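Okay, so here's the structure we're looking at.
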Amino acid sequence: MADATYDNPPPSTTEDGAPPNLKPWYSRIKKARKLREEWEKDYKVKKCEEFFLGKQWKQGGDSGPRVLNHFLATVKVTQTNLLFENPKALVRPKPGREIVSARKASLAEEVLSAIMKQDDNFEDASQLALLQAFFRVAVLKTIYDPRLEPNPNADSNVMQKDSDGNPILDDMGETQDMVDPATGQSIVEPPFVISDDTYRFEWVDAKCMLFPDSGPYMRKWDWIGEEITVPLDQAKADDRFPQELRDQFESNIKEDKNSSANKSHTPAPDSDDDDYCKLFRYVEIYDIRKKHWYCLAEDQSFDDALIDDELPDGVEDHPYSILPGWTPIIGPDPSPWPLPYTYPWLDVQEEYNIRREQQMQGAKRSARKIAYEDSTFPDGWDEAAKMLQSSRDMEGVKIGDIHRPPIFLQDPPLNPSISQDISMLLNDYRIISGQTGAKLSGSSDANTATEANFIERASTLRDAELQKAVYRWLRTALKKMLQLVKATLTNGMFVKLRGMNQQEMEQMLVSVYGMLPEQVMMQPALQQFLIQTFGNEKMEHVSREDLTFEADVDVVPGSTRPRSLAQEKAQFLEFMQIIAQAPQLLMSRALLEELARKYEFLNPAIIDELQMLAQQMMMVNANQAGRNQGGQNTAKENTQGQGNSENSQLQAQAARGIGG
């Protein structure tokens with residue numbers, strides 16, 4: 001059930017009798033709520049949200065209901081450019097740490113990808129959170145929620161199995177039990193097993209967040225909280241809370257089922273009215289400084305905390321990834337809440353609505369009208385319509401009283417300043433919102449190509465600033481999820497591993513088969529065979545040991561933007577032309593990777609293929625050069641052979657140094 005919020009929270013009744021270690025938290029909660037409410041009032045947050053929904057006229061006012069919603073159009077075109085699809089995670093071992101194979105990094109990337117794609121939870125949550133960032137802040141929460149199901153093989157011995165999952169048989173052809181090395185006893189199946197949907201990203205409504213009064217710099221925050229509202233029955237069934245406290249739970253929030261969208265949330269009455277749904281609200285607090293976790297419930301008969309414990313496993317500071325808007329409030333009173341991104345649009349949109357309504361009403365008044373009596377046209381409106389609307393030549397109109405002919409009313413002209421104001425307001429709106437006419441409506445704001453270039457460049461800079469903040473936000477969310485998985489993964493999970501790259505293949509030949517690096521370079525056919533055999537996508541089992549390494553998590557630039565097939569095709573042809581004109585670039589993997597970053601659709605597999613082709617070309621050229629120099633004397637052949645060998649070794653070392 002969605003979290004319930006309310007405008008005027010009731011005062012706490014448990015603060016006075018709370019334990020000494022909990023009294024400061026009730027005071028901080030009350031102060032954080034007041035800070036949030038004052039911010040919503042000062043910066044008209046709810047009005048911004050109503051304008052986005054098209055509710056831009058006051059209820060019961062004299063103005064008409066027509067709304068030309070520029071809020072919605074601008075937010076949608078901006079949001080699409082910031083986060084169109086799931087990002088591509090990039091996991092790399094930290095510099096100076098233990099040597100980690102590329103396979104482990106790939107496994108970590110695929111684990112994050114599998115969690116994001118599970119029921120599309122990341123895409124759904126991130127889209128909702130990013131939309132709310134235009135009015136408040138965007139909040140994603142990493143959750144580890146294992147669901148236990150009865151194990152049909154409970155209390156039976158666990159058999160030893162090979163890497164393919166097949167039982168290992170002894171000399172007699174019987175299965176072998178897995179033995180605990182510490183006790184020497186056979187390991188038995190547990191009564192419950194963990195089902196799927198263990199890890200997920202969840203959107204948290206910013207209306208429920210509580211921030212400390214420590215300014216916009218989040219590194220100085222010493223705590224963070226969230227108001228969580230659930231049905232009373234669900235709270236009583238939550239086994240995280242002590243049973244003796246759950247038995248005393250009382251509803252502290254009520255929700256009127258028959259009310260309109262503007263529902264009121266007040267303390268629940270004592271009566272059991274069916275028109276109300278009893279809810280239970282508690283506050284989840286993460287003490288960043290002391291690494292502690294609290295859950296507190298207000299307006300209850302007890303004073304104890306629901307949870308008073310260390311931080312959960314895999315949680316560093318707190319599980320929230322916050323995008324704090326794009327314009328922090330740093331003075332005169334610094335606030336943890338930002339300036340709403342759509343707040344500067346309010347006055348322009350409101351004034352634009354007034355001018356368009358005046359234009360519409362003026363157009364109605366300017367329509368030609370006549371005044372007549374019942375006796376003017378004996379046959380009523382039929383004859384009047386002939387006189388006013390007929391397009392036939394020499395149309396006859398029957399008029400009754402000739403002394404009372406119809407009177408044509410004068411057309412009141414529309415004030416030309418209204419149209420001028422509309423054009424000026426549109427220009428002001430585009431400047432304030434940072435969007436060009438080409439993005440919003442397909443029309444250009446410039447008179448020359450140079451002017452259009454400058455306008456588009458300024459808009460691109462604004463978009464780049466927004467994208468940078470979104471990338472940092474997504475990177476934080478993926479990093480927190482990887483930390484959570486490394487600390488809590490028990491049964492492991494299966495992921496689809498990407499193909500083997502050139503570096504992994506060379507490492508495999510050297511470490512597994514004992515080949516020298518020079519021999520690896522001389523076997524392009526063997527390299528191609530290994531890539532085709534082991535490089536195909538396959539299901540790989542991931543355990544906690546595979547993820548125990550220090551890593552930096554990043555987001556591949558451009559992986560969240562909308563893609564155009566025509567644009568990708570043009571960029572690919574341009575990339576191939578650069579390679580054809582300068583084939584020596586193929587020998588440097590660093591240059592290829594840097595060049596590939598300019599073309600965001602290129603993946604590492606293409607770079608591996610290009611480098612392998614370059615090495616094959618180098619070997620073919622070397623062999624051709626050796627055959628063309630035959631027929632010389634023995635001394636020259638020995639000297640030349642030694643030189644060619646040294647040259648091949650240098651080339652192999654250079655290729656490994658640049659490419660590996």
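Residue numbering restarts at 1 in every chain; chains get A, B, ... in the order shown in the structure tokens, and ligands count up from 1 in that same order.
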
Need the shell around stretch 382-392 of chain A: protein/DNA/RNA residues with any atom at most 10 Å away, counting only C-alpha atoms. Skip same-chain ones fewer than 6 positions apart. Format as a list in words? Arg368, Lys369, Ile370, Tyr372, Thr376, Lys398, Ile399 and Pro406 of chain A

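Using only C-alpha atoms, the shortest contact distance between A:Ala235 and any of A:Phe249, A:Trp345, A:Phe575, A:Phe84 is found at A:Phe249.
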
For a test of reading the model, state the distance in Å between atom CA of A:Gln435 and atom CA of A:Ser559, rounded to one decimal.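 Straight-line distance from atom CA of A:Gln435 to atom CA of A:Ser559 works out to 22.3 Å.
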
Could you check which of A:Glu593, A:Ser433, A:Ile354, A:Met394 is closest to A:Val77, using only C-alpha atoms?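 Distance minimum relative to A:Val77 lands on A:Ser433.
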
Quick one: residues within 7 Å of A:Trp473, only C-alpha atoms counted, chain neighbours fewer than 3 positions away excluded, as a PyMOL selection string? chain A and resi 321-323+469-470+476-477

Only all heavy atoms, please: the residues just picked out, written as a compact mmCIF listing (two decimals), in the first residue's frame.
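To be explicit, this is the file written out as out01.txt:
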```txt
# COMPACT_ATOMS: atom_id res chain seq x y z
N SER A 321 19.42 6.58 -2.04
CA SER A 321 20.16 7.32 -3.06
C SER A 321 19.31 8.53 -3.43
O SER A 321 18.20 8.38 -3.93
CB SER A 321 20.42 6.46 -4.30
OG SER A 321 21.10 5.28 -3.94
N ILE A 322 19.84 9.73 -3.16
CA ILE A 322 19.05 10.95 -3.24
C ILE A 322 19.60 11.84 -4.34
O ILE A 322 20.81 12.11 -4.40
CB ILE A 322 19.07 11.70 -1.89
CG1 ILE A 322 18.51 10.80 -0.78
CG2 ILE A 322 18.26 12.99 -1.97
CD1 ILE A 322 18.64 11.38 0.60
N LEU A 323 18.72 12.27 -5.21
CA LEU A 323 19.02 13.32 -6.19
C LEU A 323 18.42 14.61 -5.65
O LEU A 323 17.22 14.85 -5.78
CB LEU A 323 18.43 12.97 -7.56
CG LEU A 323 18.55 14.04 -8.65
CD1 LEU A 323 19.99 14.38 -8.94
CD2 LEU A 323 17.83 13.60 -9.92
N ALA A 469 24.12 15.27 -12.85
CA ALA A 469 23.52 14.97 -11.55
C ALA A 469 22.78 13.63 -11.56
O ALA A 469 22.84 12.87 -10.59
CB ALA A 469 22.56 16.10 -11.15
N VAL A 470 22.11 13.32 -12.66
CA VAL A 470 21.39 12.04 -12.76
C VAL A 470 22.38 10.88 -12.78
O VAL A 470 22.14 9.84 -12.13
CB VAL A 470 20.49 12.03 -14.01
CG1 VAL A 470 19.91 10.65 -14.24
CG2 VAL A 470 19.38 13.05 -13.86
N THR A 476 25.37 6.17 -7.45
CA THR A 476 25.24 5.92 -6.01
C THR A 476 24.28 4.76 -5.74
O THR A 476 24.55 3.90 -4.88
CB THR A 476 24.73 7.18 -5.30
OG1 THR A 476 25.65 8.26 -5.54
CG2 THR A 476 24.62 6.96 -3.80
N ALA A 477 23.17 4.71 -6.47
CA ALA A 477 22.20 3.63 -6.27
C ALA A 477 22.81 2.27 -6.62
O ALA A 477 22.64 1.28 -5.88
CB ALA A 477 20.95 3.89 -7.11
```

Nearest residue to A:Val45 out of A:Leu484, A:Leu346, A:Leu547, A:Leu131, using only C-alpha atoms?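 Closest residue, counting only C-alpha atoms: A:Leu346.
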
Applying 12 Å and only C-alpha atoms, which residues near A:Pro416 remain after dropping the ones on its own chain fewer than 4 positions away? List them as a PyMOL selection string. chain A and resi 355+358-359+362-363+420-423

Residues as selected, C-alpha atoms, written as a PDB file, in the first residue's frame, can you do that?
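Done, and the output landed in out29.pdb:
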```pdb
ATOM      1  CA  ARG A 355      -3.504  36.089 -21.846  1.00  0.00           C
ATOM      2  CA  GLN A 358      -8.353  36.866 -22.866  1.00  0.00           C
ATOM      3  CA  GLN A 359      -7.539  36.019 -26.462  1.00  0.00           C
ATOM      4  CA  GLY A 362     -11.908  38.349 -27.328  1.00  0.00           C
ATOM      5  CA  ALA A 363     -12.270  36.056 -30.322  1.00  0.00           C
ATOM      6  CA  GLN A 420       2.276  40.702 -28.317  1.00  0.00           C
ATOM      7  CA  ASP A 421       2.223  39.628 -24.671  1.00  0.00           C
ATOM      8  CA  ILE A 422       1.724  35.989 -25.658  1.00  0.00           C
ATOM      9  CA  SER A 423       4.780  36.040 -27.908  1.00  0.00           C
TER      10      SER A 423
END
```

Would you list, as a PyMOL selection string, the residues of stretch 336-418 of chain A that end up in strand (DSSP E or B) under DSSP run on this structure's backbone? chain A and resi 370-371+407-408

Write the selection just made, keeping all heavy atoms, as a PDB file, in the first residue's frame?
```
ATOM      1  N   ILE A 370     -26.053  40.163 -34.684  1.00  0.00           N
ATOM      2  CA  ILE A 370     -27.151  41.081 -35.016  1.00  0.00           C
ATOM      3  C   ILE A 370     -28.187  41.015 -33.906  1.00  0.00           C
ATOM      4  O   ILE A 370     -28.235  40.052 -33.125  1.00  0.00           O
ATOM      5  CB  ILE A 370     -27.811  40.727 -36.362  1.00  0.00           C
ATOM      6  CG1 ILE A 370     -28.505  39.369 -36.253  1.00  0.00           C
ATOM      7  CG2 ILE A 370     -26.814  40.748 -37.500  1.00  0.00           C
ATOM      8  CD1 ILE A 370     -29.395  39.049 -37.444  1.00  0.00           C
ATOM      9  N   ALA A 371     -29.004  42.057 -33.854  1.00  0.00           N
ATOM     10  CA  ALA A 371     -30.122  42.119 -32.903  1.00  0.00           C
ATOM     11  C   ALA A 371     -31.425  42.252 -33.702  1.00  0.00           C
ATOM     12  O   ALA A 371     -31.516  43.079 -34.623  1.00  0.00           O
ATOM     13  CB  ALA A 371     -29.949  43.310 -31.965  1.00  0.00           C
ATOM     14  N   ILE A 407     -30.473  44.830 -36.692  1.00  0.00           N
ATOM     15  CA  ILE A 407     -29.385  45.785 -36.424  1.00  0.00           C
ATOM     16  C   ILE A 407     -28.084  44.993 -36.308  1.00  0.00           C
ATOM     17  O   ILE A 407     -27.978  44.064 -35.497  1.00  0.00           O
ATOM     18  CB  ILE A 407     -29.652  46.577 -35.134  1.00  0.00           C
ATOM     19  CG1 ILE A 407     -30.980  47.346 -35.247  1.00  0.00           C
ATOM     20  CG2 ILE A 407     -28.495  47.519 -34.840  1.00  0.00           C
ATOM     21  CD1 ILE A 407     -31.381  48.045 -33.959  1.00  0.00           C
ATOM     22  N   PHE A 408     -27.112  45.354 -37.117  1.00  0.00           N
ATOM     23  CA  PHE A 408     -25.800  44.709 -37.058  1.00  0.00           C
ATOM     24  C   PHE A 408     -24.961  45.387 -35.985  1.00  0.00           C
ATOM     25  O   PHE A 408     -24.757  46.616 -36.023  1.00  0.00           O
ATOM     26  CB  PHE A 408     -25.089  44.792 -38.418  1.00  0.00           C
ATOM     27  CG  PHE A 408     -25.687  43.892 -39.452  1.00  0.00           C
ATOM     28  CD1 PHE A 408     -26.778  44.310 -40.215  1.00  0.00           C
ATOM     29  CD2 PHE A 408     -25.177  42.621 -39.645  1.00  0.00           C
ATOM     30  CE1 PHE A 408     -27.336  43.472 -41.158  1.00  0.00           C
ATOM     31  CE2 PHE A 408     -25.738  41.785 -40.600  1.00  0.00           C
ATOM     32  CZ  PHE A 408     -26.818  42.208 -41.354  1.00  0.00           C
TER      33      PHE A 408
END
```

Which residues, written as number ranges by chain, have at least one atom at most 12 Å from A:Lys117, with only C-alpha atoms counted and residues fewer than 4 positions away on the same chain left out? A: 85-88, 110-113, 121-125, 197, 199-201, 495

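When only C-alpha atoms are used to compute distances to A:Ile143, the closest of the residues A:Asp222, A:Asp233, A:Asp313, A:Asp119 turns out to be A:Asp313.
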
Find, counting only C-alpha atoms, the residue in A:Gln56, A:Gln248, A:Gln611, A:Gln132 that gets nearest to A:Ala590. A:Gln611

Neighbouring residues of A:Thr198 were defined as those with any atom within 12 Å, considering only C-alpha atoms; residues of the same chain fewer than 3 positions away were excluded. Please report them as a list in words.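 Counting only C-alpha atoms, the residues come to Ala114, Ile115, Met116, Gln118, Asp119, Asn121, Thr142, Ile143, Tyr144, Asp145, Pro146, Arg147, Leu148, Val193, Ile194, Ser195, Phe201, Met481, Leu484, Val485, Thr488, Leu489, Thr490, Asn491, Gly492 and Met493 of chain A.
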
Counting only C-alpha atoms, what is within 12 Å of A:Val179, bar same-chain residues fewer than 3 positions away, as a ChimeraX atom specification? /A:157-160,176,182-188

Export of the given selection (all heavy atoms) as a short mmCIF file (atom, residue, chain, number, x, y, z; two decimals), in the first residue's frame:
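Saved the output as again20.cif:
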```cif
data_model
loop_
_atom_site.label_atom_id
_atom_site.label_comp_id
_atom_site.auth_asym_id
_atom_site.auth_seq_id
_atom_site.Cartn_x
_atom_site.Cartn_y
_atom_site.Cartn_z
N ASN A 157 19.67 -34.96 3.89
CA ASN A 157 21.10 -34.67 3.74
C ASN A 157 21.38 -33.97 2.41
O ASN A 157 20.78 -34.28 1.38
CB ASN A 157 21.92 -35.95 3.84
CG ASN A 157 21.83 -36.58 5.22
OD1 ASN A 157 21.52 -35.90 6.20
ND2 ASN A 157 22.08 -37.87 5.30
N VAL A 158 22.33 -33.05 2.46
CA VAL A 158 22.74 -32.32 1.26
C VAL A 158 23.81 -33.15 0.55
O VAL A 158 24.82 -33.54 1.15
CB VAL A 158 23.28 -30.93 1.61
CG1 VAL A 158 23.73 -30.20 0.36
CG2 VAL A 158 22.21 -30.12 2.35
N MET A 159 23.60 -33.42 -0.72
CA MET A 159 24.55 -34.23 -1.49
C MET A 159 25.64 -33.35 -2.11
O MET A 159 25.42 -32.19 -2.42
CB MET A 159 23.80 -34.99 -2.60
CG MET A 159 22.78 -35.98 -2.10
SD MET A 159 21.99 -36.87 -3.48
CE MET A 159 21.18 -35.50 -4.32
N GLN A 160 26.81 -33.96 -2.27
CA GLN A 160 27.89 -33.29 -2.97
C GLN A 160 27.61 -33.29 -4.47
O GLN A 160 27.22 -34.31 -5.03
CB GLN A 160 29.22 -33.99 -2.69
CG GLN A 160 29.66 -33.94 -1.23
CD GLN A 160 31.04 -34.56 -1.04
OE1 GLN A 160 31.77 -34.75 -2.01
NE2 GLN A 160 31.38 -34.87 0.21
N GLN A 176 27.24 -39.05 -2.24
CA GLN A 176 28.01 -38.70 -1.05
C GLN A 176 27.38 -37.48 -0.40
O GLN A 176 27.00 -36.52 -1.07
CB GLN A 176 29.46 -38.40 -1.42
CG GLN A 176 30.17 -39.54 -2.15
CD GLN A 176 31.61 -39.19 -2.46
OE1 GLN A 176 32.36 -38.76 -1.59
NE2 GLN A 176 31.99 -39.37 -3.72
N ALA A 182 33.71 -28.30 10.30
CA ALA A 182 33.89 -27.91 11.70
C ALA A 182 33.38 -28.98 12.66
O ALA A 182 33.99 -29.26 13.69
CB ALA A 182 33.19 -26.58 11.97
N THR A 183 32.26 -29.61 12.34
CA THR A 183 31.65 -30.59 13.24
C THR A 183 31.80 -32.02 12.76
O THR A 183 31.64 -32.96 13.54
CB THR A 183 30.16 -30.27 13.42
OG1 THR A 183 29.51 -30.35 12.14
CG2 THR A 183 29.98 -28.86 13.98
N GLY A 184 32.05 -32.23 11.48
CA GLY A 184 32.13 -33.58 10.95
C GLY A 184 30.78 -34.21 10.72
O GLY A 184 30.71 -35.40 10.37
N GLN A 185 29.69 -33.44 10.91
CA GLN A 185 28.34 -33.97 10.73
C GLN A 185 27.85 -33.66 9.31
O GLN A 185 28.29 -32.70 8.66
CB GLN A 185 27.39 -33.35 11.75
CG GLN A 185 27.78 -33.60 13.19
CD GLN A 185 27.65 -35.07 13.58
OE1 GLN A 185 26.80 -35.79 13.04
NE2 GLN A 185 28.48 -35.52 14.51
N SER A 186 26.94 -34.49 8.84
CA SER A 186 26.35 -34.25 7.53
C SER A 186 25.46 -33.01 7.56
O SER A 186 24.74 -32.77 8.54
CB SER A 186 25.52 -35.47 7.09
OG SER A 186 26.35 -36.62 6.97
N ILE A 187 25.52 -32.24 6.51
CA ILE A 187 24.72 -31.02 6.40
C ILE A 187 23.34 -31.40 5.89
O ILE A 187 23.19 -32.16 4.93
CB ILE A 187 25.38 -30.01 5.45
CG1 ILE A 187 26.78 -29.64 5.96
CG2 ILE A 187 24.52 -28.76 5.29
CD1 ILE A 187 27.52 -28.71 5.03
N VAL A 188 22.31 -30.89 6.57
CA VAL A 188 20.93 -31.19 6.21
C VAL A 188 20.27 -29.96 5.60
O VAL A 188 20.69 -28.82 5.82
CB VAL A 188 20.12 -31.67 7.43
CG1 VAL A 188 20.71 -32.96 7.97
CG2 VAL A 188 20.10 -30.60 8.52
#
```

Report as an MDAnalysis selection string: the residues of stretch 194-423 of chain A with a DSSP assignment of alpha helix (DSSP H), based on the backbone of this structure. chainID A and resid 232:236 243:246 346:365 381:389 416:423

Would you export the selected residues with C-alpha atoms as a short mmCIF file (atom, residue, chain, number, x, y, z; two decimals), in the first residue's frame, please?
```
data_model
loop_
_atom_site.label_atom_id
_atom_site.label_comp_id
_atom_site.auth_asym_id
_atom_site.auth_seq_id
_atom_site.Cartn_x
_atom_site.Cartn_y
_atom_site.Cartn_z
CA LEU A 232 -2.45 -1.82 10.99
CA ASP A 233 -2.82 -5.55 10.33
CA GLN A 234 0.33 -5.56 8.22
CA ALA A 235 2.28 -3.78 10.97
CA LYS A 236 1.14 -6.32 13.55
CA GLN A 243 5.82 -9.45 19.59
CA GLU A 244 5.03 -7.73 22.91
CA LEU A 245 5.00 -4.36 21.14
CA ARG A 246 3.01 -5.56 18.15
CA LEU A 346 4.80 29.30 -12.19
CA ASP A 347 4.39 33.03 -12.84
CA VAL A 348 5.05 32.76 -16.56
CA GLN A 349 2.60 29.86 -16.99
CA GLU A 350 -0.04 31.64 -14.91
CA GLU A 351 0.30 34.88 -16.88
CA TYR A 352 0.27 32.94 -20.16
CA ASN A 353 -3.02 31.27 -19.17
CA ILE A 354 -4.59 34.67 -18.50
CA ARG A 355 -3.50 36.09 -21.85
CA ARG A 356 -4.70 33.06 -23.79
CA GLU A 357 -8.03 33.17 -22.01
CA GLN A 358 -8.35 36.87 -22.87
CA GLN A 359 -7.54 36.02 -26.46
CA MET A 360 -10.17 33.29 -26.55
CA GLN A 361 -12.82 35.49 -24.98
CA GLY A 362 -11.91 38.35 -27.33
CA ALA A 363 -12.27 36.06 -30.32
CA LYS A 364 -15.75 35.12 -29.12
CA ARG A 365 -16.76 38.76 -28.69
CA TRP A 381 -34.43 31.65 -37.33
CA ASP A 382 -34.71 30.01 -40.76
CA GLU A 383 -35.07 33.34 -42.50
CA ALA A 384 -32.46 34.92 -40.24
CA ALA A 385 -29.99 32.18 -41.17
CA LYS A 386 -30.55 32.87 -44.87
CA MET A 387 -29.67 36.50 -44.31
CA LEU A 388 -26.61 35.85 -42.14
CA GLN A 389 -25.11 32.57 -43.37
CA PRO A 416 -3.26 43.84 -30.19
CA SER A 417 -1.15 44.00 -27.03
CA ILE A 418 -2.57 40.62 -25.99
CA SER A 419 -0.96 38.85 -28.94
CA GLN A 420 2.28 40.70 -28.32
CA ASP A 421 2.22 39.63 -24.67
CA ILE A 422 1.72 35.99 -25.66
CA SER A 423 4.78 36.04 -27.91
#
```

Nearest residue to A:Gly225 from the set A:Leu296, A:Leu339, A:Cys277, A:Leu613 (distances using only C-alpha atoms): A:Leu296

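One finds atom CA of A:Leu306 at 12.1 Å from atom CA of A:Asp247.
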